[in-house]
Structures are given as C-alpha cells and as structure tokens.
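Here is model-v9.tsv, consisting of TSV, C-alpha atoms:
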```
chain	number	residue	atom	x	y	z
A	26	MET	CA	-0.97	-69.22	-25.23
A	27	ARG	CA	-4.65	-68.75	-24.43
A	28	ASP	CA	-4.39	-65.89	-21.95
A	29	PRO	CA	-4.26	-62.68	-24.02
A	30	ASP	CA	-2.96	-60.80	-20.98
A	31	ILE	CA	0.16	-62.93	-21.05
A	32	ARG	CA	0.81	-61.82	-24.62
A	33	ILE	CA	0.64	-58.17	-23.53
A	34	MET	CA	2.96	-58.84	-20.61
A	35	LEU	CA	5.45	-60.58	-22.89
A	36	ARG	CA	5.45	-57.47	-25.07
A	37	VAL	CA	6.13	-55.40	-21.94
A	38	ARG	CA	9.00	-57.75	-21.15
A	39	ASP	CA	10.36	-57.20	-24.65
A	40	ASP	CA	10.27	-53.41	-24.14
A	41	ASP	CA	7.34	-52.66	-26.43
A	42	PRO	CA	6.54	-49.10	-25.29
A	43	ALA	CA	2.80	-49.28	-26.06
A	44	ALA	CA	2.26	-52.56	-24.23
A	45	PHE	CA	2.77	-51.16	-20.74
A	46	ALA	CA	0.15	-48.45	-21.26
A	47	GLU	CA	-2.19	-51.11	-22.59
A	48	LEU	CA	-1.61	-53.25	-19.50
A	49	VAL	CA	-2.27	-50.34	-17.11
A	50	GLU	CA	-5.42	-49.41	-18.97
A	51	LEU	CA	-6.64	-53.00	-18.91
A	52	PHE	CA	-6.05	-53.77	-15.23
A	53	ASN	CA	-6.22	-50.47	-13.37
A	54	HIS	CA	-9.93	-50.77	-12.57
A	55	ARG	CA	-9.70	-54.32	-11.18
A	56	LEU	CA	-6.52	-53.62	-9.28
A	57	ILE	CA	-7.79	-50.43	-7.67
A	58	THR	CA	-11.07	-52.13	-6.69
A	59	VAL	CA	-9.24	-54.96	-4.94
A	60	LEU	CA	-6.76	-52.65	-3.24
A	61	HIS	CA	-9.55	-50.32	-2.15
A	62	HIS	CA	-11.34	-53.22	-0.46
A	63	LEU	CA	-8.13	-54.41	1.16
A	64	LEU	CA	-6.95	-51.02	2.40
A	65	GLY	CA	-10.30	-49.30	2.91
A	66	ASN	CA	-9.08	-46.07	1.36
A	67	ALA	CA	-9.54	-45.05	-2.29
A	68	ASP	CA	-6.59	-42.63	-2.53
A	69	GLU	CA	-4.22	-45.05	-0.89
A	70	ALA	CA	-5.48	-47.80	-3.21
A	71	GLU	CA	-4.75	-45.69	-6.28
A	72	ASP	CA	-1.24	-44.81	-5.09
A	73	LEU	CA	-0.52	-48.45	-4.35
A	74	ALA	CA	-1.94	-49.59	-7.70
A	75	GLN	CA	0.49	-47.21	-9.36
A	76	GLU	CA	3.32	-48.73	-7.33
A	77	VAL	CA	2.19	-52.23	-8.37
A	78	PHE	CA	2.36	-51.30	-12.07
A	79	LEU	CA	5.78	-49.72	-11.64
A	80	ARG	CA	6.95	-52.86	-9.84
A	81	VAL	CA	5.62	-54.97	-12.73
A	82	TYR	CA	7.69	-52.86	-15.11
A	83	ARG	CA	10.82	-53.08	-12.99
A	84	VAL	CA	10.68	-56.89	-12.79
A	85	ARG	CA	9.40	-57.40	-16.36
A	86	LYS	CA	12.57	-59.20	-17.47
A	87	LYS	CA	12.00	-61.86	-14.81
A	88	TYR	CA	8.43	-62.57	-15.92
A	89	ARG	CA	7.80	-66.20	-16.91
A	90	PRO	CA	4.29	-67.08	-18.13
A	91	ARG	CA	3.54	-69.98	-15.80
A	92	ALA	CA	0.00	-69.15	-14.67
A	93	LYS	CA	-2.63	-66.57	-15.58
A	94	PHE	CA	-1.13	-63.09	-15.79
A	95	SER	CA	-3.69	-61.72	-13.33
A	96	THR	CA	-2.52	-64.24	-10.71
A	97	TRP	CA	1.03	-62.90	-11.03
A	98	LEU	CA	-0.19	-59.29	-10.92
A	99	PHE	CA	-2.32	-59.86	-7.82
A	100	THR	CA	0.54	-61.69	-6.10
A	101	ILE	CA	2.60	-58.50	-6.39
A	102	ALA	CA	-0.41	-56.43	-5.32
A	103	ASN	CA	-1.04	-58.68	-2.31
A	104	ASN	CA	2.57	-58.40	-1.13
A	105	LEU	CA	2.57	-54.62	-1.39
A	106	ALA	CA	-0.86	-54.34	0.25
A	107	LEU	CA	0.24	-56.50	3.18
A	108	ASN	CA	3.35	-54.32	3.62
A	109	THR	CA	1.14	-51.24	3.67
A	110	LEU	CA	-1.27	-52.76	6.18
A	111	ARG	CA	1.60	-53.84	8.44
A	112	SER	CA	3.33	-50.48	8.34
A	113	ARG	CA	-0.04	-48.91	9.11
A	114	GLN	CA	-0.30	-51.16	12.18
A	115	ARG	CA	3.11	-49.92	13.32
A	116	LYS	CA	1.97	-46.31	12.85
A	117	PRO	CA	-1.72	-46.49	13.71
A	118	VAL	CA	-3.89	-43.80	12.16
A	119	VAL	CA	-6.19	-42.16	14.67
A	120	PRO	CA	-9.67	-42.21	13.16
A	121	LEU	CA	-11.70	-39.04	13.24
A	122	ASN	CA	-14.89	-40.97	14.04
A	123	VAL	CA	-17.07	-39.84	16.85
A	124	ARG	CA	-16.28	-41.80	19.97
A	125	ASP	CA	-16.56	-41.51	23.68
A	126	SER	CA	-15.28	-38.05	24.35
A	127	GLY	CA	-13.97	-36.66	27.55
A	128	PRO	CA	-14.62	-37.30	31.20
A	129	LEU	CA	-18.40	-37.01	30.85
A	130	GLY	CA	-18.60	-39.91	28.41
A	131	PRO	CA	-20.24	-39.85	24.98
A	132	ARG	CA	-22.17	-36.80	23.85
A	133	PRO	CA	-25.88	-37.42	23.09
A	134	ALA	CA	-25.31	-37.25	19.33
A	135	GLU	CA	-22.51	-39.80	19.62
A	136	GLN	CA	-24.72	-42.08	21.69
A	137	LEU	CA	-27.39	-41.89	18.97
A	138	VAL	CA	-24.90	-43.01	16.32
A	139	LYS	CA	-23.86	-45.86	18.56
A	140	ASP	CA	-27.43	-46.96	19.13
A	141	ARG	CA	-28.18	-46.92	15.43
A	142	LEU	CA	-25.22	-49.16	14.74
A	143	ASN	CA	-26.27	-51.59	17.41
A	144	GLN	CA	-29.85	-52.10	16.22
A	145	PRO	CA	-31.16	-53.27	12.87
A	146	VAL	CA	-32.84	-50.42	11.06
A	147	GLN	CA	-35.27	-51.46	8.37
A	148	HIS	CA	-34.74	-48.55	6.01
A	149	MET	CA	-31.10	-47.86	6.46
A	150	GLN	CA	-29.47	-45.95	3.66
A	151	GLN	CA	-27.25	-47.90	1.31
A	152	GLN	CA	-24.29	-45.79	2.28
A	153	GLU	CA	-24.69	-46.56	5.94
A	154	LEU	CA	-24.98	-50.25	5.18
A	155	ALA	CA	-21.84	-50.03	3.07
A	156	GLY	CA	-20.08	-48.51	6.09
A	157	ILE	CA	-21.17	-51.38	8.31
A	158	VAL	CA	-20.08	-53.99	5.76
A	159	ARG	CA	-16.78	-52.14	5.39
A	160	LYS	CA	-16.27	-52.28	9.16
A	161	ALA	CA	-17.03	-56.03	9.23
A	162	LEU	CA	-14.53	-56.60	6.42
A	163	ASP	CA	-11.89	-54.53	8.24
A	164	GLU	CA	-12.37	-56.64	11.34
A	165	LEU	CA	-11.30	-59.81	9.52
A	166	ASN	CA	-7.66	-60.64	9.84
A	167	GLU	CA	-5.43	-59.69	6.87
A	168	ARG	CA	-5.36	-63.14	5.30
A	169	GLN	CA	-9.10	-63.68	5.59
A	170	ARG	CA	-9.71	-60.26	4.07
A	171	VAL	CA	-7.39	-60.93	1.13
A	172	ALA	CA	-9.05	-64.30	0.46
A	173	VAL	CA	-12.54	-62.80	0.64
A	174	VAL	CA	-11.71	-59.86	-1.62
A	175	LEU	CA	-10.01	-62.01	-4.28
A	176	ASN	CA	-12.84	-64.54	-4.19
A	177	LYS	CA	-15.66	-62.02	-4.23
A	178	PHE	CA	-14.33	-59.21	-6.42
A	179	GLU	CA	-11.79	-60.98	-8.65
A	180	ASP	CA	-13.85	-64.16	-8.85
A	181	MET	CA	-10.69	-66.17	-8.25
A	182	ASN	CA	-10.97	-69.89	-7.60
A	183	TYR	CA	-9.26	-71.54	-4.63
A	184	ALA	CA	-6.20	-72.61	-6.62
A	185	GLU	CA	-5.59	-69.05	-7.86
A	186	ILE	CA	-6.07	-67.56	-4.39
A	187	ALA	CA	-3.69	-70.19	-3.05
A	188	GLU	CA	-1.05	-69.16	-5.57
A	189	VAL	CA	-1.44	-65.45	-4.82
A	190	MET	CA	-1.28	-66.01	-1.07
A	191	GLY	CA	1.28	-68.81	-1.04
A	192	LEU	CA	-1.15	-71.29	0.57
A	193	THR	CA	-2.59	-74.70	-0.28
A	194	THR	CA	-6.11	-74.96	-1.73
A	195	LYS	CA	-7.14	-76.71	1.46
A	196	GLY	CA	-5.80	-73.76	3.43
A	197	VAL	CA	-7.81	-71.37	1.30
A	198	LYS	CA	-10.97	-73.46	1.76
A	199	SER	CA	-10.57	-73.27	5.52
A	200	LEU	CA	-9.63	-69.57	5.46
A	201	LEU	CA	-12.67	-68.61	3.40
A	202	SER	CA	-14.99	-70.67	5.56
A	203	ARG	CA	-13.80	-68.96	8.73
A	204	ALA	CA	-13.91	-65.55	7.06
A	205	ARG	CA	-17.49	-66.06	5.90
A	206	GLU	CA	-18.57	-67.27	9.32
A	207	ASN	CA	-16.95	-64.21	10.94
A	208	LEU	CA	-18.76	-61.96	8.49
A	209	ARG	CA	-22.03	-63.76	9.20
A	210	VAL	CA	-21.63	-63.15	12.93
A	211	ALA	CA	-20.63	-59.50	12.45
A	212	LEU	CA	-23.48	-58.77	10.04
A	213	LYS	CA	-26.19	-61.00	11.48
A	214	ASP	CA	-28.44	-58.05	12.28
A	215	TYR	CA	-28.30	-56.71	8.74
A	216	ILE	CA	-28.44	-59.72	6.44
A	217	TYR	CA	-32.14	-59.62	5.61
A	218	MET	CA	-32.51	-55.87	5.60
A	219	ASP	CA	-32.88	-55.68	1.85
A	220	GLY	CA	-36.16	-57.61	1.91
A	221	ALA	CA	-34.85	-61.14	1.74
A	222	PRO	CA	-36.58	-63.88	3.77
A	223	GLN	CA	-36.53	-63.73	7.54
A	224	GLU	CA	-37.30	-67.02	9.29
B	2	MET	CA	-27.16	-71.44	14.32
B	3	ALA	CA	-24.26	-73.58	15.32
B	4	ASN	CA	-25.25	-77.08	14.32
B	5	LEU	CA	-22.60	-77.26	11.60
B	6	SER	CA	-19.13	-78.51	12.35
B	7	ASP	CA	-16.13	-76.59	10.95
B	8	GLU	CA	-15.75	-79.24	8.26
B	9	ASP	CA	-19.45	-79.04	7.33
B	10	ARG	CA	-19.18	-75.27	7.04
B	11	GLU	CA	-16.04	-75.53	4.93
B	12	ASN	CA	-17.87	-77.87	2.59
B	13	LEU	CA	-20.91	-75.62	2.48
B	14	VAL	CA	-18.81	-72.58	1.53
B	15	ALA	CA	-16.86	-74.65	-1.01
B	16	TYR	CA	-20.20	-75.81	-2.44
B	17	PHE	CA	-21.30	-72.19	-2.93
B	18	ASP	CA	-17.98	-71.46	-4.61
B	19	GLY	CA	-18.27	-74.45	-6.95
B	20	GLU	CA	-15.19	-76.04	-5.38
B	21	LEU	CA	-16.77	-79.19	-3.97
B	22	ASP	CA	-16.40	-82.52	-5.77
B	23	GLU	CA	-19.54	-84.03	-7.28
B	24	GLU	CA	-20.14	-86.71	-4.67
B	25	SER	CA	-19.73	-84.38	-1.68
B	26	ALA	CA	-21.95	-81.85	-3.41
B	27	ARG	CA	-24.73	-84.43	-3.81
B	28	THR	CA	-24.48	-85.42	-0.14
B	29	LEU	CA	-24.64	-81.79	0.92
B	30	GLU	CA	-27.63	-81.07	-1.31
B	31	ALA	CA	-29.49	-83.99	0.28
B	32	ARG	CA	-28.74	-82.61	3.73
B	33	LEU	CA	-29.88	-79.13	2.72
B	34	ASN	CA	-33.18	-80.59	1.55
B	35	LEU	CA	-33.75	-82.53	4.75
B	36	ASP	CA	-32.33	-80.29	7.47
B	37	PRO	CA	-33.97	-76.85	7.91
B	38	GLN	CA	-31.22	-75.68	10.29
B	39	THR	CA	-28.50	-76.41	7.77
B	40	ARG	CA	-30.59	-74.67	5.13
B	41	ALA	CA	-31.01	-71.62	7.39
B	42	GLU	CA	-27.29	-71.45	7.98
B	43	ALA	CA	-26.63	-71.79	4.27
B	44	ASP	CA	-29.11	-68.97	3.56
B	45	ALA	CA	-27.47	-66.74	6.18
B	46	LEU	CA	-24.01	-67.33	4.77
B	47	GLN	CA	-25.19	-66.53	1.28
B	48	ALA	CA	-27.11	-63.43	2.39
B	49	THR	CA	-23.99	-62.18	4.22
B	50	TRP	CA	-21.92	-62.77	1.10
B	51	ASN	CA	-24.40	-60.73	-0.91
B	52	LEU	CA	-24.04	-57.82	1.52
B	53	LEU	CA	-20.50	-57.33	0.22
B	54	ASP	CA	-22.12	-56.03	-2.97
B	55	TYR	CA	-22.97	-52.89	-1.01
B	56	LEU	CA	-19.30	-51.97	-0.86
B	57	PRO	CA	-18.61	-49.13	-3.28
B	58	ARG	CA	-16.78	-49.99	-6.49
B	59	SER	CA	-13.75	-47.84	-7.14
B	60	ASP	CA	-13.20	-46.04	-10.40
B	61	PRO	CA	-9.65	-44.98	-11.10
B	62	SER	CA	-9.18	-41.27	-11.67
B	63	PRO	CA	-9.26	-40.41	-15.40
B	64	SER	CA	-5.58	-39.47	-15.39
B	65	PHE	CA	-4.42	-42.67	-13.68
B	66	THR	CA	-2.77	-44.29	-16.72
B	67	HIS	CA	-1.19	-40.99	-17.77
B	68	ARG	CA	0.20	-40.33	-14.28
B	69	THR	CA	1.55	-43.87	-14.05
B	70	LEU	CA	3.35	-43.56	-17.37
B	71	GLU	CA	4.70	-40.16	-16.34
B	72	LYS	CA	6.06	-41.60	-13.12
B	73	LEU	CA	7.62	-44.47	-15.04
B	74	ALA	CA	9.30	-42.03	-17.42
B	75	LEU	CA	10.72	-40.15	-14.43
B	76	GLN	CA	12.10	-43.35	-12.95
B	77	THR	CA	13.54	-44.81	-16.13
B	78	GLY	CA	14.35	-41.69	-18.22
B	79	PRO	CA	17.85	-40.33	-18.93
B	80	HIS	CA	17.80	-38.13	-15.83
B	81	ALA	CA	16.63	-40.95	-13.58
B	82	HIS	CA	20.17	-41.77	-12.50
B	83	ALA	CA	21.50	-38.19	-12.21
B	84	GLY	CA	20.57	-38.00	-8.55
B	85	SER	CA	22.09	-41.34	-7.70
B	86	SER	CA	25.37	-40.62	-9.53
B	87	ARG	CA	25.69	-37.32	-7.62
B	88	TRP	CA	25.28	-39.31	-4.40
B	89	LEU	CA	27.90	-41.79	-5.57
B	90	LYS	CA	30.36	-38.93	-6.17
B	91	LEU	CA	29.68	-37.51	-2.73
B	92	LEU	CA	30.15	-40.94	-1.20
B	93	GLY	CA	33.46	-41.32	-3.05
B	94	TRP	CA	34.73	-38.01	-1.68
B	95	ALA	CA	33.61	-38.89	1.82
B	96	ALA	CA	35.42	-42.24	1.61
B	97	ALA	CA	38.62	-40.58	0.34
B	98	ILE	CA	38.57	-38.03	3.18
B	99	LEU	CA	38.06	-40.79	5.74
B	100	VAL	CA	40.97	-42.85	4.37
B	101	ALA	CA	43.30	-39.78	4.35
B	102	ALA	CA	42.30	-38.90	7.92
B	103	GLY	CA	42.96	-42.47	9.03
B	104	LEU	CA	46.41	-42.57	7.43
B	105	GLY	CA	47.33	-39.18	8.97
B	106	PHE	CA	46.27	-40.33	12.40
B	107	ALA	CA	48.31	-43.56	12.13
B	108	ALA	CA	51.43	-41.64	10.97
B	109	ALA	CA	51.09	-39.10	13.79
B	110	ARG	CA	50.83	-41.86	16.36
B	111	TRP	CA	53.93	-43.55	14.99
B	112	LEU	CA	56.01	-40.36	14.94
B	113	TRP	CA	54.95	-38.90	18.27
B	114	GLN	CA	54.47	-41.99	20.31
B	115	PRO	CA	55.06	-41.19	24.05
B	116	ARG	CA	58.31	-42.33	25.66
B	117	THR	CA	57.87	-44.85	28.43
B	118	PRO	CA	60.32	-45.23	31.41
B	119	ALA	CA	61.52	-48.47	29.81
B	120	ASP	CA	62.48	-46.56	26.66
B	121	LEU	CA	64.49	-44.03	28.73
B	122	ASP	CA	66.41	-46.77	30.64
B	123	GLU	CA	67.35	-48.46	27.40
B	124	GLN	CA	68.69	-45.15	26.05
B	125	MET	CA	70.86	-44.60	29.21
B	126	VAL	CA	72.33	-48.14	29.01
B	127	ARG	CA	73.22	-47.55	25.37
B	128	HIS	CA	75.18	-44.34	26.27
B	129	LEU	CA	76.59	-45.58	29.60
B	130	ARG	CA	80.23	-45.27	28.56
B	131	VAL	CA	79.79	-41.62	27.65
B	132	ILE	CA	77.78	-40.85	30.76
B	133	ASP	CA	80.41	-42.55	32.92
B	134	LYS	CA	83.20	-40.27	31.65
B	135	VAL	CA	81.24	-37.13	31.15
B	136	HIS	CA	83.14	-35.26	33.94
B	137	GLN	CA	86.44	-35.97	32.09
B	138	TYR	CA	85.01	-34.83	28.78
B	139	GLU	CA	84.01	-31.59	30.43
B	140	GLN	CA	87.73	-30.82	31.15
B	141	VAL	CA	88.73	-30.71	27.48
B	142	ASP	CA	87.79	-28.14	24.91
B	143	ASP	CA	87.77	-30.29	21.85
B	144	LEU	CA	88.85	-33.57	20.25
B	145	ASP	CA	92.04	-32.13	18.66
B	146	PHE	CA	93.39	-31.31	22.13
B	147	LEU	CA	92.76	-34.90	23.26
B	148	ARG	CA	94.46	-36.29	20.19
B	149	GLY	CA	97.46	-34.00	20.92
B	150	LEU	CA	97.80	-35.47	24.40
B	151	ASP	CA	98.02	-38.88	22.81
B	152	GLN	CA	101.34	-37.98	20.99
B	153	PRO	CA	104.13	-40.05	22.70
B	154	ASP	CA	106.87	-37.48	22.05
B	155	LEU	CA	105.05	-34.83	23.92
B	156	PHE	CA	106.27	-36.21	27.28
B	157	GLY	CA	109.95	-37.07	26.19
B	158	GLU	CA	109.58	-40.79	25.86
B	159	GLU	CA	111.44	-42.59	23.14
B	160	PRO	CA	109.39	-44.62	20.85
B	161	GLY	CA	109.88	-48.33	21.60
B	162	SER	CA	111.36	-47.72	25.15
```
Let's see the structure in the file written out as structure tokens.
Amino acid sequence: MRDPDIRIMLRVRDDDPAAFAELVELFNHRLITVLHHLLGNADEAEDLAQEVFLRVYRVRKKYRPRAKFSTWLFTIANNLALNTLRSRQRKPVVPLNVRDSGPLGPRPAEQLVKDRLNQPVQHMQQQELAGIVRKALDELNERQRVAVVLNKFEDMNYAEIAEVMGLTTKGVKSLLSRARENLRVALKDYIYMDGAPQE
Amino acid sequence: MANLSDEDRENLVAYFDGELDEESARTLEARLNLDPQTRAEADALQATWNLLDYLPRSDPSPSFTHRTLEKLALQTGPHAHAGSSRWLKLLGWAAAILVAAGLGFAAARWLWQPRTPADLDEQMVRHLRVIDKVHQYEQVDDLDFLRGLDQPDLFGEEPGS
C-alpha cells in the first residue's frame, strides 16, 4: 500500500480515535481551498469541508482502498458541493454588488466601476484582478468549474478527475478544453496585464 | 484566434497537462514551431491558466480541526441519540392514539348505524302476526286471563264430546 493516506483512512475505519484528527489536519487545507474555489465563499467552504469530514467518518466502514484516498475524499466533496450549488440556484442569493439602480439608471460611481471592468487597466491591483478571475470562474458551468479547480489546484490528472466526476477521461479532456477556452474568452483583456508578451 | 478546431484545442490543452501521447505531442510541437497563430493561441491559453493563480488561497481557521472533532463527538457521543429516542417515543404515542381513535370510530359506526326504510319494513314483516292481532291483545289484561279462557270446562262442555 503505497498511499500513506490510505493507511490513515484504514485506521479511521478501524475506529482508531487519533486517526480521524490526523486525517482532518492533513486534508483540511486542500479541501477548503478546492471548496472555496468551487463555491466562491470562504465561510461556506469551511462549513462544507467540515460536513465532508463528518461524512467520511459516517461512511468509514464502507471504505475500500481502490484508488488514491484523495480521489475518494474529493468525490464526496464534489457531490456535496454540487448539492450546495444546486440548492443555491433554487434559492438565489441577491448580491450586494453595485448595479443599475432605480429609474434613473446607474449612478456615476457605479458607471465608473462598470467602465473599469470593461477596459484593460495596466496597473490593476491584484485584488481586483482576483475578483475578475473569480467572476470568470463562476461563469463556467458547474462541471467545467469542478474540472478546472481539481486540475489546477489539486493537480489531478484526467483519470482522477474522471473518477471524481463520474466521467470518462475523454469526457474530461473535452470538458477542460472547453472550460479553458471559455476562460480565455472571458479574460482576454487581462491575460498579459502582468507584463507577459503582447503580440 | 479561431484557427484551431475543437479537437486541435483539446489536444493542445491535453499537451499542456501532460496527457497527450508521445506521437501526438511530437506532431503538435511541430505545428507550434511552424504556425504562429497556433502558437499565439497556445500562449493565450497558458496565460489565462496562469491568471487563476491570482485567486486567493484559503487557510482554514486555526480551530477548524478542533471544531470538527467537537461536532463529531456531538453526533456520535452517548447523548447523540437522546433526541431521536424522545421523538420515537412521541411517535409511538401518536400512533397509539390514532389506532384507538380509529377503533372507537369503527365501533360507534357499527353500534349507531342509521336505520334505512328497508330495515323498518323487514322489522314489520317479522312482527306481522302480532301487529295483525294487536286490537285483540288490547282487550285482555294479561296472559293468565287468556289461558283461563282456554279451559274447556269453563263453558260446560264435556271433555271428548
């Protein structure tokens, strides 16, 4: 058994009380990062990560070490994240962002924000750029977003992503290609802002 | 920047991800060397991918592990099932009350079922003989008097005549 995480999980399965704490400590950072990028909200990501760990504990007796432990963990995380995203779609959260307001249209300050988002700004703050990238990621469909986040932040290969998402590797290849093209279109005005070549 | 077909783009992305087989990778590398448009598209895709690094990394709150273990203890500890067993008791009582009410209702319906005209007719047919002679029965005080009238010697007749 090469994967040391599997050994920890097997100890959790066998009711070793210290093993579960070890598992949480080992994976909480990675899990919260992925969930944060999927949900777009840090507090929600932390709550859901907690739920994922509790779910792992509840189903520990059913655990069979077939693949990498992280693949199994992120399969549970993906299912719970998709449930959260879908229930959020049923109960849409009204954002507090500035938008067109009232019968007179957008206020001048709102119009300025809009203009800044529509034009490339050479010295944009990192935080603002992060917001724009966040928005582009949110505009991907759920499956594309999951594939991108697992590929980029968990460094998962296509076979692992396919297992987490219940797809074929060919399906993942196509999904990631479309996702990256969508991101390219959404972020085309910002891609060389950090000094990279502009042809 | 749309000179790539969907399949070309899939292969390009797979190449970046190290998922393309050796032969396809060599073919793609040759194309990248020869075709500036393909190279520009490849650069744009890679630059976009790098922009994702601007997304903030999340650090779990320092108490995350502790809170998770605490929540687990609450869910699996000895008092975890107290709430559910109280609900089970309540459900049991509710079920018993419902069954008792149902039985009571059925018994009441059986005992006090309304009489239909058909039921009344049947009752009159059953007592027709009595109804038919009721005016005669009204003339006598009791059964002993009737039995007395039935004595043959009362009217001077000889038995056997």
Note to self: Using all atoms listed in the file, I'd like every residue of chain B that has an atom within 10 Å of chain A; please write them out as number ranges by chain.
What the structure shows: B: 7-15, 18-21, 41-42, 44-62, 65-70, 72-73, 76-77
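What separates atom CA of A:Gly191 from atom CA of A:Asn104 is a distance of 10.5 Å.
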Next item on the list: May I have the residues within 12 Å of A:Pro29 as a PyMOL selection string, using only C-alpha atoms and disregarding those fewer than 5 positions away in the same chain?
Entry: chain A and resi 34-36+47-48+51+90+93-95
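Note that atom CA of A:Tyr88 and atom CA of A:Arg38 are 7.1 Å apart.
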Next item on the list: Go ahead and compute the interatomic distance for atom CA of A:Phe52 and atom CA of A:Asp30, in Å to one decimal.
Entry: 9.6 Å
Kindly provide, as AutoDock Vina command-line options, the centre and edge lengths (Å, one decimal) of an axis-aligned box around all atoms of stretch 60-63 of chain B given in the file, with 4 Å on each side.
```
--center_x -11.2 --center_y -43.2 --center_z -12.9 --size_x 12.0 --size_y 13.6 --size_z 13.0
```
